[in-house]
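Next up, query.cif (mmCIF, C-alpha atoms and all ligand atoms):
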```cif
data_work
#
loop_
_atom_site.label_atom_id
_atom_site.label_comp_id
_atom_site.auth_asym_id
_atom_site.auth_seq_id
_atom_site.Cartn_x
_atom_site.Cartn_y
_atom_site.Cartn_z
CA MET A 8 -60.60 -9.47 -21.83
CA PRO A 9 -56.87 -8.89 -21.42
CA PRO A 10 -54.67 -10.65 -23.99
CA SER A 11 -53.17 -13.94 -22.93
CA PRO A 12 -49.41 -13.89 -22.28
CA ASP A 13 -48.88 -15.99 -25.41
CA ASP A 14 -50.84 -13.59 -27.62
CA SER A 15 -49.02 -10.64 -26.24
CA GLU A 16 -45.63 -12.37 -26.61
CA ARG A 17 -46.48 -13.24 -30.19
CA ALA A 18 -47.60 -9.69 -30.92
CA ARG A 19 -44.38 -8.35 -29.46
CA ARG A 20 -42.28 -10.62 -31.67
CA PHE A 21 -44.37 -9.68 -34.69
CA ARG A 22 -44.02 -5.99 -33.88
CA GLU A 23 -40.24 -6.29 -33.58
CA ALA A 24 -39.86 -8.32 -36.74
CA ALA A 25 -42.41 -6.80 -39.10
CA LEU A 26 -42.88 -3.12 -38.23
CA PRO A 27 -39.32 -2.05 -39.09
CA CYS A 28 -40.11 -3.16 -42.67
CA LEU A 29 -43.13 -0.85 -42.96
CA ASP A 30 -41.53 1.83 -45.15
CA ASP A 31 -40.16 -0.85 -47.46
CA VAL A 32 -43.52 -2.58 -47.77
CA TYR A 33 -45.32 0.71 -48.34
CA THR A 34 -42.76 1.72 -50.97
CA LEU A 35 -43.28 -1.50 -52.91
CA ALA A 36 -47.04 -1.06 -52.66
CA ARG A 37 -46.79 2.48 -54.05
CA TYR A 38 -44.78 1.31 -57.05
CA LEU A 39 -47.01 -1.69 -57.69
CA LEU A 40 -50.36 0.07 -57.31
CA ARG A 41 -49.26 3.59 -58.30
CA ASN A 42 -51.79 5.16 -55.99
CA PRO A 43 -51.36 6.22 -52.32
CA ALA A 44 -54.82 5.24 -51.07
CA ASP A 45 -54.73 1.76 -52.63
CA ALA A 46 -51.17 1.31 -51.35
CA GLU A 47 -52.22 2.11 -47.77
CA ASP A 48 -55.11 -0.35 -47.94
CA ALA A 49 -52.89 -3.05 -49.41
CA VAL A 50 -50.20 -2.58 -46.75
CA GLN A 51 -52.72 -2.76 -43.94
CA GLU A 52 -54.21 -5.93 -45.41
CA CYS A 53 -50.70 -7.32 -45.84
CA TYR A 54 -49.87 -6.79 -42.17
CA LEU A 55 -53.16 -8.32 -41.07
CA ARG A 56 -52.47 -11.45 -43.11
CA ALA A 57 -48.87 -11.56 -41.92
CA LEU A 58 -49.96 -11.44 -38.28
CA LYS A 59 -52.48 -14.18 -38.93
CA HIS A 60 -49.84 -16.44 -40.47
CA PHE A 61 -47.01 -15.44 -38.17
CA ASP A 62 -47.28 -18.76 -36.30
CA THR A 63 -46.28 -20.65 -39.40
CA TYR A 64 -43.58 -18.19 -40.41
CA ARG A 65 -40.22 -19.96 -40.15
CA GLY A 66 -38.12 -17.83 -42.41
CA PRO A 67 -36.88 -16.85 -44.97
CA ALA A 68 -35.95 -13.31 -43.99
CA MET A 69 -38.87 -11.13 -42.92
CA LYS A 70 -38.77 -8.61 -45.78
CA PRO A 71 -39.17 -11.09 -48.68
CA TRP A 72 -41.87 -12.87 -46.70
CA LEU A 73 -43.87 -9.66 -46.25
CA PHE A 74 -43.29 -8.73 -49.89
CA ALA A 75 -44.67 -12.08 -51.01
CA ILE A 76 -47.82 -11.46 -48.98
CA LEU A 77 -48.10 -7.92 -50.32
CA ARG A 78 -47.83 -9.23 -53.89
CA ASN A 79 -50.77 -11.54 -53.28
CA VAL A 80 -52.81 -8.65 -51.91
CA CYS A 81 -51.88 -6.45 -54.87
CA HIS A 82 -52.65 -9.13 -57.42
CA ALA A 83 -56.08 -9.55 -55.88
CA GLU A 84 -56.48 -5.81 -56.31
CA PHE A 85 -55.37 -6.05 -59.96
CA ALA A 86 -57.91 -8.79 -60.54
CA ARG A 87 -60.61 -6.65 -58.98
CA ARG A 88 -59.66 -3.70 -61.20
CA ALA A 89 -59.75 -5.93 -64.25
CA VAL A 90 -63.41 -6.83 -63.67
CA ALA A 91 -64.29 -3.27 -62.67
CA PRO A 92 -62.64 -1.13 -65.34
CA VAL A 93 -64.81 1.83 -64.42
CA LYS A 94 -62.51 2.77 -61.55
CA ALA A 95 -59.71 4.54 -63.37
CA LEU A 96 -56.26 4.94 -61.90
CA ASP A 97 -55.36 8.46 -60.93
CA ASP A 98 -52.49 9.07 -63.25
CA ALA A 99 -51.53 5.87 -65.00
CA PRO A 100 -53.87 4.35 -67.54
CA GLU A 101 -53.76 0.56 -67.59
CA ALA A 102 -52.88 0.68 -71.29
CA VAL A 103 -49.37 1.82 -70.38
CA GLU A 104 -48.77 -1.59 -68.84
CA GLN A 105 -49.70 -3.38 -72.01
CA ALA A 106 -47.70 -1.46 -74.55
CA PRO A 107 -44.86 0.75 -73.43
CA ILE A 108 -43.60 2.64 -76.45
CA TRP A 109 -39.94 1.98 -75.62
CA GLN A 110 -40.25 -1.79 -75.74
CA GLU A 111 -37.41 -1.95 -78.27
CA ILE A 112 -34.22 -2.13 -76.28
CA ALA A 113 -31.94 -1.68 -79.29
CA GLU A 114 -32.96 1.96 -79.68
CA THR A 115 -30.84 3.08 -76.74
CA PRO A 116 -27.95 5.08 -78.15
CA GLU A 117 -24.63 3.81 -76.93
CA GLY A 118 -22.56 6.12 -74.81
CA ALA A 119 -25.43 8.51 -74.18
CA VAL A 120 -25.22 10.10 -70.75
CA LEU A 121 -28.17 10.14 -68.39
CA ARG A 122 -29.12 13.62 -67.32
CA GLU A 123 -29.69 14.03 -63.61
CA ARG A 124 -33.33 13.85 -62.63
CA ASN A 125 -35.12 14.63 -59.42
CA ALA A 126 -36.68 11.88 -57.34
CA SER A 127 -40.27 12.35 -58.44
CA ALA A 128 -39.31 12.34 -62.12
CA ILE A 129 -37.49 9.04 -61.60
CA GLN A 130 -40.39 7.63 -59.59
CA ARG A 131 -42.77 8.47 -62.45
CA MET A 132 -40.48 6.81 -64.99
CA ILE A 133 -40.23 3.66 -62.88
CA GLU A 134 -44.00 3.60 -62.52
CA THR A 135 -44.44 3.48 -66.27
CA LEU A 136 -42.36 0.29 -66.58
CA ALA A 137 -44.43 -2.71 -67.53
CA GLU A 138 -45.08 -5.44 -64.99
CA PRO A 139 -43.32 -7.67 -63.96
CA PHE A 140 -40.21 -5.69 -64.85
CA ARG A 141 -41.22 -2.82 -62.60
CA GLU A 142 -41.62 -5.10 -59.61
CA THR A 143 -38.25 -6.79 -60.10
CA PHE A 144 -36.55 -3.45 -60.58
CA VAL A 145 -38.06 -1.91 -57.44
CA LEU A 146 -37.27 -4.95 -55.31
CA ARG A 147 -33.64 -4.75 -56.43
CA GLU A 148 -32.85 -1.04 -56.68
CA ILE A 149 -35.14 0.46 -54.09
CA ASN A 150 -35.89 -2.32 -51.60
CA ASN A 151 -32.30 -3.63 -51.90
CA LEU A 152 -33.18 -7.32 -52.01
CA SER A 153 -30.65 -9.86 -53.22
CA TYR A 154 -31.50 -11.86 -56.34
CA ARG A 155 -32.37 -14.86 -54.22
CA GLU A 156 -34.67 -12.83 -52.02
CA ILE A 157 -36.41 -11.37 -55.06
CA ALA A 158 -36.86 -14.88 -56.40
CA GLU A 159 -38.39 -15.92 -53.08
CA ALA A 160 -40.71 -12.94 -52.88
CA ALA A 161 -41.85 -13.21 -56.49
CA GLY A 162 -41.93 -17.00 -56.59
CA VAL A 163 -39.82 -17.29 -59.75
CA PRO A 164 -36.39 -18.81 -60.47
CA VAL A 165 -33.30 -16.63 -60.02
CA GLY A 166 -32.68 -16.79 -63.78
CA THR A 167 -36.03 -15.12 -64.40
CA VAL A 168 -35.13 -12.40 -61.92
CA MET A 169 -31.90 -11.76 -63.79
CA SER A 170 -33.50 -11.50 -67.23
CA ARG A 171 -36.35 -9.31 -65.94
CA LEU A 172 -33.89 -6.98 -64.30
CA ALA A 173 -31.86 -6.66 -67.51
CA ARG A 174 -35.03 -5.83 -69.44
CA ALA A 175 -36.20 -3.36 -66.81
CA ARG A 176 -32.92 -1.48 -66.89
CA ALA A 177 -32.91 -1.30 -70.67
CA MET A 178 -36.48 0.02 -70.69
CA LEU A 179 -35.81 2.56 -67.97
CA ARG A 180 -32.69 3.79 -69.70
CA ALA A 181 -34.56 4.21 -72.95
CA ALA A 182 -37.33 6.13 -71.17
CA TRP A 183 -34.76 8.25 -69.37
CA LEU A 184 -32.99 9.18 -72.58
CA ALA A 185 -36.24 9.70 -74.51
CA GLN A 186 -37.38 12.31 -72.02
CA GLU A 187 -34.17 14.25 -72.44
CA GLU A 188 -34.61 15.11 -76.06
CA PRO A 189 -35.18 18.84 -76.62
CA GLN A 190 -38.86 19.63 -76.82
CA MET B 159 -14.64 -18.31 -73.12
CA MET B 160 -17.79 -16.42 -72.26
CA THR B 161 -20.08 -15.28 -75.07
CA CYS B 162 -21.74 -11.87 -75.29
CA ASP B 163 -25.13 -13.53 -74.82
CA GLU B 164 -24.05 -14.93 -71.48
CA ALA B 165 -22.27 -11.75 -70.49
CA GLU B 166 -25.29 -9.60 -71.31
CA ILE B 167 -27.20 -10.99 -68.33
CA LEU B 168 -24.22 -11.61 -66.06
CA ILE B 169 -22.89 -8.05 -66.22
CA HIS B 170 -26.00 -7.03 -64.29
CA ALA B 171 -25.18 -9.56 -61.60
CA LEU B 172 -21.61 -8.24 -61.60
CA ALA B 173 -22.80 -4.64 -61.17
CA ASP B 174 -25.11 -5.78 -58.37
CA GLY B 175 -22.31 -7.62 -56.56
CA GLU B 176 -24.19 -10.90 -56.86
CA LEU B 177 -21.55 -13.07 -58.53
CA ASP B 178 -19.23 -15.39 -56.72
CA ALA B 179 -15.54 -14.54 -57.05
CA GLY B 180 -14.82 -16.99 -59.87
CA HIS B 181 -17.67 -15.88 -62.11
CA ALA B 182 -16.99 -12.24 -61.31
CA ARG B 183 -13.45 -12.67 -62.68
CA GLU B 184 -14.77 -14.34 -65.83
CA VAL B 185 -17.27 -11.60 -66.55
CA GLU B 186 -14.70 -8.91 -65.79
CA ALA B 187 -12.32 -10.55 -68.24
CA HIS B 188 -15.01 -10.54 -70.93
CA VAL B 189 -15.88 -6.90 -70.29
CA ALA B 190 -12.22 -5.95 -70.52
CA ASN B 191 -12.01 -7.41 -74.03
CA CYS B 192 -15.43 -6.60 -75.46
CA PRO B 193 -16.26 -2.94 -76.20
CA ARG B 194 -19.97 -3.68 -76.58
CA CYS B 195 -20.33 -5.33 -73.18
CA ALA B 196 -18.02 -2.73 -71.63
CA SER B 197 -20.33 0.05 -72.77
CA GLU B 198 -23.37 -1.85 -71.46
CA PHE B 199 -21.62 -2.36 -68.14
CA ALA B 200 -20.77 1.34 -67.91
CA ALA B 201 -24.41 2.23 -68.66
CA ILE B 202 -25.67 -0.05 -65.90
CA ASN B 203 -23.29 1.46 -63.39
CA GLU B 204 -24.18 4.97 -64.47
CA MET B 205 -27.84 4.27 -63.83
CA LYS B 206 -27.12 2.59 -60.49
CA ARG B 207 -25.16 5.67 -59.42
CA ALA B 208 -27.95 8.01 -60.49
CA LEU B 209 -30.51 5.95 -58.57
CA ALA B 210 -28.34 5.58 -55.47
CA GLY B 211 -28.03 9.35 -55.23
CA THR B 212 -31.82 9.80 -55.17
CA ASP B 213 -34.26 9.02 -52.40
CA LEU B 214 -36.88 6.85 -54.08
CA ILE B 215 -38.44 5.45 -50.91
CA TYR B 216 -42.03 6.35 -50.07
CA LYS B 217 -42.29 6.82 -46.31
CA ALA B 218 -45.32 5.11 -44.77
CA PRO B 219 -47.81 7.71 -43.49
CA ALA B 220 -48.04 7.93 -39.69
CA ALA B 221 -51.76 7.20 -39.84
CA LEU B 222 -51.09 3.89 -41.58
CA ARG B 223 -48.56 2.90 -38.93
CA GLN B 224 -51.10 3.73 -36.22
CA ARG B 225 -53.84 1.73 -37.93
CA ILE B 226 -51.56 -1.32 -38.08
CA GLU B 227 -50.41 -0.86 -34.48
CA ALA B 228 -54.04 -0.70 -33.42
CA GLU B 229 -54.67 -4.16 -34.90
CA LEU B 230 -51.99 -5.79 -32.76
CA PRO B 231 -52.76 -7.17 -29.31
CA PRO B 232 -51.26 -4.75 -26.79
CA ALA B 233 -47.85 -5.52 -25.37
CA GLN B 234 -47.63 -6.48 -21.72
CA PRO B 235 -45.14 -4.80 -19.47
CA SER B 236 -42.49 -7.45 -19.12
CA ASN B 237 -40.14 -7.45 -16.18
CA VAL B 238 -40.09 -11.23 -16.20
CA THR B 239 -37.97 -11.76 -19.31
CA PRO B 240 -34.81 -9.69 -19.09
CA LEU B 241 -33.70 -10.71 -22.58
CA ALA B 242 -35.84 -9.12 -25.25
CA GLY B 243 -36.75 -11.56 -27.93
CA ALA B 244 -36.46 -14.92 -26.21
CA PRO B 245 -39.71 -16.80 -26.69
CA SER B 246 -40.60 -19.30 -24.03
CA ARG B 247 -40.35 -22.94 -24.97
CA ARG B 248 -44.01 -23.24 -24.24
CA SER B 249 -45.09 -20.68 -26.81
CA LEU B 250 -42.80 -22.26 -29.36
CA LEU B 251 -44.21 -25.71 -28.88
CA LYS B 252 -47.71 -24.32 -28.97
CA GLY B 253 -46.88 -22.81 -32.35
CA PHE B 254 -45.92 -26.21 -33.66
CA ALA B 255 -49.23 -27.70 -32.69
CA ILE B 256 -50.94 -25.28 -35.06
CA GLY B 257 -48.69 -25.61 -38.05
CA SER B 258 -45.28 -27.19 -38.18
CA ALA B 259 -44.84 -26.85 -41.91
CA VAL B 260 -41.90 -24.91 -43.16
CA SER B 261 -43.36 -21.98 -45.05
CA ALA B 262 -44.16 -22.57 -48.69
CA LEU B 263 -41.69 -19.87 -49.53
CA ALA B 264 -38.76 -21.66 -48.01
CA ALA B 265 -39.72 -24.71 -50.06
CA THR B 266 -39.29 -22.96 -53.39
CA GLY B 267 -35.76 -24.38 -53.39
CA LEU B 268 -33.49 -21.88 -55.04
CA VAL B 269 -30.25 -22.99 -56.51
CA ALA B 270 -28.19 -20.56 -58.54
CA ILE B 271 -24.63 -21.63 -58.45
CA VAL B 272 -23.24 -18.49 -60.04
CA LEU B 273 -24.45 -16.32 -57.22
CA ARG B 274 -22.29 -15.54 -54.25
CA ASN B 275 -23.25 -17.43 -51.20
CA ASP B 276 -22.60 -15.12 -48.29
CA ASP B 277 -26.09 -13.79 -48.01
CA GLN B 278 -25.65 -13.85 -44.25
CA GLN B 279 -29.13 -12.86 -43.22
CA ARG B 280 -30.86 -15.42 -45.41
CA ILE B 281 -28.62 -18.20 -44.16
CA GLU B 282 -29.28 -17.17 -40.57
CA ALA B 283 -33.02 -17.29 -41.21
CA GLU B 284 -32.58 -20.84 -42.49
CA ILE B 285 -30.46 -21.71 -39.47
CA VAL B 286 -33.22 -20.51 -37.17
CA SER B 287 -35.76 -22.53 -39.18
CA ALA B 288 -33.60 -25.61 -38.78
CA HIS B 289 -33.26 -24.93 -35.05
CA LEU B 290 -37.05 -24.66 -34.75
CA ARG B 291 -37.60 -27.88 -36.69
CA SER B 292 -35.17 -29.66 -34.39
CA LEU B 293 -37.26 -28.74 -31.34
CA GLN B 294 -40.19 -30.79 -32.57
CA ALA B 295 -40.65 -34.08 -30.82
CA GLY B 296 -38.25 -36.70 -32.15
CA HIS B 297 -36.32 -34.33 -34.41
CA LEU B 298 -33.51 -33.20 -32.15
CA THR B 299 -30.95 -35.93 -32.65
CA ASP B 300 -30.14 -38.72 -35.09
CA VAL B 301 -27.45 -40.04 -32.81
CA VAL B 302 -27.90 -39.74 -29.07
CA SER B 303 -24.76 -39.83 -27.00
CA THR B 304 -22.97 -37.75 -24.46
CA ASP B 305 -19.70 -39.30 -25.69
CA GLN B 306 -17.88 -37.25 -28.31
CA HIS B 307 -16.14 -40.40 -29.52
CA THR B 308 -19.52 -41.82 -30.51
CA VAL B 309 -20.98 -38.68 -32.04
CA LYS B 310 -18.00 -37.68 -34.14
CA PRO B 311 -17.59 -40.96 -36.09
CA TRP B 312 -21.31 -41.04 -36.74
CA PHE B 313 -20.89 -38.00 -39.02
CA ASN B 314 -18.09 -39.61 -41.04
CA GLY B 315 -19.38 -40.69 -44.43
CA LYS B 316 -22.49 -38.59 -44.09
CA LEU B 317 -20.76 -35.29 -44.75
CA ASP B 318 -17.69 -34.25 -46.74
CA VAL B 319 -16.20 -32.92 -43.56
CA ALA B 320 -17.35 -34.21 -40.19
CA PRO B 321 -17.94 -31.39 -37.71
CA PRO B 322 -15.68 -31.27 -34.67
CA VAL B 323 -17.47 -32.70 -31.67
CA ILE B 324 -16.28 -31.37 -28.35
CA ASP B 325 -17.51 -32.37 -24.93
CA LEU B 326 -18.20 -29.24 -22.89
CA THR B 327 -20.12 -30.98 -20.11
CA ALA B 328 -17.59 -29.92 -17.51
CA GLN B 329 -18.13 -26.31 -18.59
CA GLY B 330 -21.89 -26.56 -18.13
CA PHE B 331 -22.89 -27.38 -21.69
CA THR B 332 -23.95 -31.00 -21.96
CA LEU B 333 -23.34 -32.81 -25.22
CA VAL B 334 -26.58 -34.51 -26.25
CA GLY B 335 -25.89 -35.86 -29.72
CA GLY B 336 -25.74 -35.04 -33.40
CA ARG B 337 -28.02 -34.67 -36.35
CA LEU B 338 -27.86 -34.31 -40.11
CA ASP B 339 -29.76 -31.19 -41.16
CA TYR B 340 -30.36 -29.18 -44.32
CA VAL B 341 -29.55 -25.52 -44.70
CA ASP B 342 -29.29 -23.60 -47.97
CA ALA B 343 -30.22 -26.81 -49.79
CA ARG B 344 -27.12 -28.53 -48.47
CA ALA B 345 -26.59 -31.23 -45.88
CA ILE B 346 -25.04 -29.77 -42.78
CA GLY B 347 -23.93 -31.18 -39.44
CA ALA B 348 -25.65 -30.14 -36.24
CA VAL B 349 -24.10 -30.90 -32.87
CA VAL B 350 -26.61 -30.64 -30.06
CA TYR B 351 -25.91 -29.37 -26.56
CA ARG B 352 -28.09 -28.63 -23.60
CA ARG B 353 -27.79 -25.83 -21.04
CA ARG B 354 -30.26 -26.48 -18.23
CA GLN B 355 -33.50 -27.12 -20.15
CA HIS B 356 -32.41 -25.11 -23.20
CA VAL B 357 -31.21 -26.62 -26.46
CA ILE B 358 -28.18 -25.25 -28.30
CA ASN B 359 -27.76 -26.33 -31.90
CA LEU B 360 -24.26 -25.88 -33.25
CA PHE B 361 -24.45 -25.97 -37.06
CA VAL B 362 -21.19 -26.63 -38.88
CA ALA B 363 -20.67 -26.30 -42.63
CA GLN B 364 -17.66 -26.45 -44.87
CA THR B 365 -16.76 -23.15 -46.50
CA SER B 366 -14.53 -22.31 -49.44
CA SER B 367 -12.68 -19.68 -47.46
CA THR B 368 -10.00 -20.59 -44.97
CA GLU B 369 -9.84 -17.06 -43.63
CA ARG B 370 -10.79 -16.79 -39.97
CA ARG B 371 -13.77 -14.64 -39.14
CA ALA B 372 -14.32 -13.45 -35.58
CA ALA B 373 -17.54 -14.19 -33.75
CA LYS B 374 -20.64 -12.18 -34.55
CA LEU B 375 -23.76 -12.09 -32.40
CA ASP B 376 -27.22 -11.66 -33.87
CA THR B 377 -30.81 -12.01 -32.80
CA LEU B 378 -33.37 -13.33 -35.23
CA GLN B 379 -37.00 -14.17 -34.51
CA GLY B 380 -36.19 -14.13 -30.85
CA PHE B 381 -33.24 -16.52 -31.04
CA ASN B 382 -29.64 -15.66 -30.42
CA ILE B 383 -27.06 -16.67 -32.99
CA ARG B 384 -23.31 -16.67 -32.57
CA SER B 385 -21.52 -17.23 -35.87
CA TRP B 386 -17.83 -17.53 -36.63
CA ARG B 387 -15.51 -19.11 -39.16
CA ASP B 388 -12.33 -20.99 -38.53
CA ARG B 389 -10.07 -23.32 -40.52
CA GLY B 390 -12.45 -23.72 -43.44
CA LEU B 391 -15.56 -24.31 -41.33
CA SER B 392 -18.49 -21.98 -40.70
CA TYR B 393 -20.19 -22.25 -37.30
CA TRP B 394 -23.59 -21.03 -36.14
CA ALA B 395 -24.59 -21.62 -32.53
CA VAL B 396 -28.29 -20.90 -32.05
CA SER B 397 -30.41 -21.06 -28.94
CA ASP B 398 -32.95 -19.25 -26.80
CA ILE B 399 -30.48 -18.98 -23.92
CA ASN B 400 -29.37 -15.44 -23.29
CA VAL B 401 -26.69 -13.85 -25.37
CA GLU B 402 -24.01 -13.88 -22.64
CA GLU B 403 -24.38 -17.61 -22.11
CA LEU B 404 -24.38 -18.32 -25.82
CA ASN B 405 -21.26 -16.24 -26.21
CA GLU B 406 -19.66 -18.16 -23.34
CA PHE B 407 -20.55 -21.40 -25.11
CA GLY B 408 -18.88 -20.19 -28.31
CA GLU B 409 -15.78 -18.99 -26.50
CA ARG B 410 -15.37 -22.26 -24.64
CA PHE B 411 -15.84 -24.20 -27.85
CA GLU B 412 -13.25 -22.10 -29.69
CA ARG B 413 -10.82 -22.38 -26.81
CA ALA B 414 -11.21 -26.16 -26.77
CA MET B 415 -10.68 -26.27 -30.55
CA GLY B 416 -7.55 -24.18 -30.27
CA GLY B 417 -6.18 -26.55 -27.63
CA SER B 418 -6.99 -29.72 -29.51
CA SER B 419 -5.08 -29.05 -32.69
ZN ZN C 501 -19.47 -9.05 -75.05
#
```
In structure tokens, what does this structure look like?
Amino acid sequence: MPPSPDDSERARRFREAALPCLDDVYTLARYLLRNPADAEDAVQECYLRALKHFDTYRGPAMKPWLFAILRNVCHAEFARRAVAPVKALDDAPEAVEQAPIWQEIAETPEGAVLRERNASAIQRMIETLAEPFRETFVLREINNLSYREIAEAAGVPVGTVMSRLARARAMLRAAWLAQEEPQ
Amino acid sequence: MMTCDEAEILIHALADGELDAGHAREVEAHVANCPRCASEFAAINEMKRALAGTDLIYKAPAALRQRIEAELPPAQPSNVTPLAGAPSRRSLLKGFAIGSAVSALAATGLVAIVLRNDDQQRIEAEIVSAHLRSLQAGHLTDVVSTDQHTVKPWFNGKLDVAPPVIDLTAQGFTLVGGRLDYVDARAIGAVVYRRRQHVINLFVAQTSSTERRAAKLDTLQGFNIRSWRDRGLSYWAVSDINVEELNEFGERFERAMGGSS
């Protein structure tokens, strides 16, 4: 059966609004799930749900809306992993999330200069940040959301976004400097 | 005077360009006089520079894009609608029958007074939401009149600054009435016009800046938006009429404003 004009009109609007965000959504999924295959599945599920709810979408901006849906998908995945601990993550043991060794912010030496790193080294460092600091950091520095948009996507007050971001930067800086010490 | 505890969080907002002008000056003043916060601020900026110079995006695999495309109903060749992105009234109203609720996200109500408020895209999304709400039965107007001398006084006392109400009926844009609406958690005036069967909402809000800003045209969720700023007021005209007509509306409005004062 051919699609009705309404369905096809709706699909066209969805395509125009949501598909340009695909790289952004996939990027967030990669940082949240830290695994390409899981990220692909989560993004596909996210777009399916978004299409289903597109009729009730009345703003805010498309990107935070998609991110909010993606978060729900990812958190369902986290819950699933928690009850099925047999399935190990490829390269990031869950324990890292619980107790990062650089939790103490005060250890960062003042005036130390960050050595230049390549993209994949930085990506790995970001991936070791504890949740929810990692998420806030990625939404800000990589997805380029404003504080308000991050608050919308994550469903927390702007003040929480600000304190999480400050923590995330302190942790990342400490990790960055720690990896620079001569072996 | 700002304390280091306050500055510690706010220097991040300063580095991210998120503070309004007044708070930005306060934090800058603190940083200028506090070596500890100055060194923190420098560290934040150093990291931001290092990150900005690195491509940290993961590109979506082509296969994923194709899988998502495959889930969408196919597009129909459209030679009927010359303007891409203008949904028919019918499909809009049909959407309302299913679910008229503003999304739960929009209802999270965010107020952070220290943050700058020119997040243009977010405001435009709210403007479009307000436009959509207004199209529901019985929501278009609080005061119904084609007489500007009835509509204008109605706003007095409801808003700090009543929006200018200009009759453009002779120019093909019929004044229908006015409405009090809410955008960005603030009350805002909406003046309603009609062009043939299409509704134009002209949203007017007071702004702290008196600087004039020339008209900008945008399309969002299939609606056209013409925004401009003049004499301390921000304007957003939004409608599903085509962009040329909406621009003509804005130009005629601005010309009439220029002549009336
Ligand atoms: Zn200080």
Contacts to ligand ZN 501 (chain C) at 12 Å cut-off (all atoms listed in the file) as a list of chain:residue names: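 Checking all atoms listed in the file against ligand ZN 501 (chain C) at 12 Å gives B:Met159, B:Met160, B:Thr161, B:Cys162, B:Asp163, B:Glu164, B:Ala165, B:Glu166, B:Ile167, B:Leu168, B:Ile169, B:Glu184, B:Val185, B:Glu186, B:Ala187, B:His188, B:Val189, B:Ala190, B:Asn191, B:Cys192, B:Pro193, B:Arg194, B:Cys195, B:Ala196, B:Ser197, B:Glu198, B:Phe199.
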Counting all atoms listed in the file, the residue of A:Ala128, A:Ala185, A:Leu172, A:Cys81 that sits nearest A:Leu146: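 Ranking A:Ala128, A:Ala185, A:Leu172, A:Cys81 by distance to A:Leu146, first place goes to A:Leu172.
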Interatomic distance between atom CA of A:Met132 and atom CA of A:Leu40?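 Atom-to-atom, atom CA of A:Met132 to atom CA of A:Leu40, that is 14.2 Å.
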Taking all atoms listed in the file into account, which residues of chain A are within 8 Å of chain B, as a PyMOL selection string? chain A and resi 10+12-16+18-20+24+29-31+33-34+37+47+51+54-55+62-68+72+117-118+121+123+125-127+129-130+148-149+153-155+158-160+162+164-166+169-170+172-173+176+180
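When atom CA of A:Ile76 is paired with atom CA of A:Ala57, their separation reads 7.1 Å.
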If I take atom CA of B:Ile324 and atom CA of B:Thr365, how far is one from the other in Å, to one decimal?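 Going from atom CA of B:Ile324 over to atom CA of B:Thr365, I get 19.9 Å.
In this comparison, which uses all atoms listed in the file, the residue of B:Val341, B:Gly330, B:Val349, B:Leu317 approaching B:Leu298 most closely is B:Val349.
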From B:Tyr351, B:Gln278, B:Gly408, B:Leu338, residue lying nearest B:Thr304 [all atoms listed in the file]: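 Ranking B:Tyr351, B:Gln278, B:Gly408, B:Leu338 by distance to B:Thr304, first place goes to B:Tyr351.
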Nearby residues (only C-alpha atoms) at most 10 Å from B:Leu404, same-chain spacing under 6 positions excluded, as a VMD selection string: chain B and resid 353 358 375 382 to 384 395 to 398 410
Please return the centre and edge lengths, in Å to one decimal, of a box with edges along x, y and z that contains all listed atoms of stretch 387-404 of chain B, widened by 5 Å on every side, as AutoDock Vina command-line options.
```
--center_x -21.5 --center_y -19.1 --center_z -32.8 --size_x 32.9 --size_y 20.5 --size_z 31.3
```
